Amino acid sequence: MALLYGLLWRLLLLLVHVNRALVSWLRVRLRSWKGRLWERAVAALLLPLALAGFPDQQKKLNRNPDANANPVTGKRTASRRSRWLSDGRSLEKLPVHIGLLVAEEELSYTDIANLVVWCMAVGISYVSVYDHHGIFRKNNSRMLEEIVRQQQDLLGVEGSKCNVEFLTNATDEHQRHVVSCRPTVKVLSPEDGKQSIVQAAQQLCRSVENKERSSQDISVSMLDILLRESKNIPDPELVVKFGPVDSTLGFLPWHIRLTEFISLPSHRNVSYEDLLGALQQYGTCQQRLGQ
């Protein structure tokens with residue numbers, strides 16, 4: 001009997017300890033639940049106040065987009081702009097008009113847009129983009145959007161204020177108007193090459209037929225004037241060709257008599273250093289101009 005009483009006593013003690021542990025756990029859970037309930041109540045009270053102040057803050061951000069910009073990113077962008085401008089000034093000579101001739105089947109709008117923005121950043125005024133299938137020309141709106149996007153990414157908010165004057169056809173219709181600085185991008189296709197020469201010759205012949213000119217007025221200089229009026233941009237001093245094909249592929253045959261050609265393996269994944277190397281090579285070349 002004594003052994004049985006001992007076992008019952010131990011069982012009662014075990015139940016008491018279990019009860020105490022359960023009561024302690026319930027107290028902790030209850031306090032935690034009350035704390036969460038209190039936090040939710042406070043949040044519910046403060047949320048309308050936060051929302052009430054949000055429109056004013058949003059208006060401030062809209063008035064000053066730079067206020068929401070990452071200062072580290074802004075400093076990095078400003079440093080890039082300063083470096084690119086300094087690189088352009090350090091070159092022995094900088095082309096006023098550069099052509100980007102893509103002799104590859106797979107085209108990358110982003111890489112070409114990067115090249116255009118880098119050319120603008122170093123101080124080049126005119127940039128022509130050409131592929132021998134005329135794909136960039138057919139999708140000039142997409143090209144414009146990509147250039148503006150890369151302009152904002154690479155040059156930042158301040159750089160994006162320097163808009164692009166985008167010329168796309170023989171009549172030079174403006175796709176985007178500009179206010180201050182006017183770097184000009186022209187998208188070309190084979191139609192702007194030999195076909196433009198044919199059209200200029202036909203125009204001369206019609207003028208003779210209509211007795212607006214005499215046959216003696218037809219000359220190389222007259223044809224040259226008509227072709228330059230149709231393009232309204234200076235001749236390219238430099239053309240950077242991308243791809244393995246050793247050909248100009250019909251790129252403005254009348255306007256490249258004095259143009260320097262520099263080849264790079266591909267426009268895909270091209271870097272700023274690749275473009276700068278081509279510009280440095282152009283800066284050191286000697287153009288004897290037929291002498």
# chains A, B, ... in the order shown; residues from 1 in each chain; ligands from 1

call {"tool": "residues_around", "arguments": {"residues": "A:Val240", "least_positions_apart": "3", "cutoff": "7 Å", "atoms": "only C-alpha atoms", "output": "list in words"}}
result
Gly99, Leu100, Leu101, Phe261, Ile262 and Ser263 of chain A

call {"tool": "residues_around", "arguments": {"residues": "A:Glu104", "least_positions_apart": "3", "cutoff": "10 Å", "atoms": "only C-alpha atoms", "output": "list in words"}}
result
Leu101, Leu107, Ser108, Asp131, His132, His133, Lys241, Phe242, Gly243, Pro244, Val245, Pro265, Ser266, His267 and Arg268 of chain A

call {"tool": "closest_residue", "arguments": {"among": "A:Val102, A:Leu15, A:Val96, A:Ala278", "to": "A:Phe251", "atoms": "only C-alpha atoms"}}
result
A:Val102

call {"tool": "closest_atom_pairs", "arguments": {"of": "stretch 75-158 of chain A", "to": "stretch 279-285 of chain A", "cutoff": "8 Å", "atoms": "only C-alpha atoms", "output": "JSON lines"}}
result
{"residue": "A:Leu91", "atom": "CA", "partner": "A:Gly283", "partner_atom": "CA", "distance": 6.2}
{"residue": "A:Glu92", "atom": "CA", "partner": "A:Gly283", "partner_atom": "CA", "distance": 5.1}
{"residue": "A:Lys93", "atom": "CA", "partner": "A:Gly283", "partner_atom": "CA", "distance": 4.9}
{"residue": "A:Leu94", "atom": "CA", "partner": "A:Gly283", "partner_atom": "CA", "distance": 6.7}

call {"tool": "select_by_dssp", "arguments": {"residues": "stretch 209-275 of chain A", "states": "helix (DSSP H, G or I)", "output": "ChimeraX atom specification"}}
result
/A:209,215-217,220-231,272-275

call {"tool": "closest_residue", "arguments": {"among": "A:Leu226, A:Asn269, A:Lys186, A:Leu115", "to": "A:Ala201", "atoms": "only C-alpha atoms"}}
result
A:Leu226

call {"tool": "atom_distance", "arguments": {"atom1": "atom CA of A:Leu204", "atom2": "atom CA of A:Leu223"}}
result
7.8 Å

call {"tool": "residues_around", "arguments": {"residues": "A:Trp84", "least_positions_apart": "2", "cutoff": "6 Å", "atoms": "only C-alpha atoms", "output": "PDB file with N, CA, C and O atoms, in the first residue's frame"}}
result
ATOM      1  N   ARG A  81      28.946  61.157 -67.136  1.00  0.00           N
ATOM      2  CA  ARG A  81      28.786  62.255 -68.098  1.00  0.00           C
ATOM      3  C   ARG A  81      30.057  63.095 -68.173  1.00  0.00           C
ATOM      4  O   ARG A  81      30.494  63.475 -69.260  1.00  0.00           O
ATOM      5  N   SER A  82      30.626  63.378 -67.014  1.00  0.00           N
ATOM      6  CA  SER A  82      31.850  64.185 -66.982  1.00  0.00           C
ATOM      7  C   SER A  82      32.995  63.469 -67.676  1.00  0.00           C
ATOM      8  O   SER A  82      33.771  64.082 -68.423  1.00  0.00           O
ATOM      9  N   SER A  86      34.826  64.652 -71.102  1.00  0.00           N
ATOM     10  CA  SER A  86      36.278  64.857 -71.056  1.00  0.00           C
ATOM     11  C   SER A  86      36.983  64.025 -72.122  1.00  0.00           C
ATOM     12  O   SER A  86      37.944  64.497 -72.752  1.00  0.00           O
ATOM     13  N   ASP A  87      36.512  62.795 -72.351  1.00  0.00           N
ATOM     14  CA  ASP A  87      37.105  61.955 -73.395  1.00  0.00           C
ATOM     15  C   ASP A  87      36.943  62.599 -74.765  1.00  0.00           C
ATOM     16  O   ASP A  87      37.870  62.587 -75.592  1.00  0.00           O
ATOM     17  N   ALA A 121      27.185  61.820 -75.986  1.00  0.00           N
ATOM     18  CA  ALA A 121      27.820  62.233 -74.733  1.00  0.00           C
ATOM     19  C   ALA A 121      29.221  62.794 -74.953  1.00  0.00           C
ATOM     20  O   ALA A 121      29.648  63.684 -74.213  1.00  0.00           O
ATOM     21  N   VAL A 122      29.936  62.290 -75.973  1.00  0.00           N
ATOM     22  CA  VAL A 122      31.296  62.797 -76.212  1.00  0.00           C
ATOM     23  C   VAL A 122      31.290  64.049 -77.075  1.00  0.00           C
ATOM     24  O   VAL A 122      32.338  64.659 -77.274  1.00  0.00           O
TER      25      VAL A 122
END
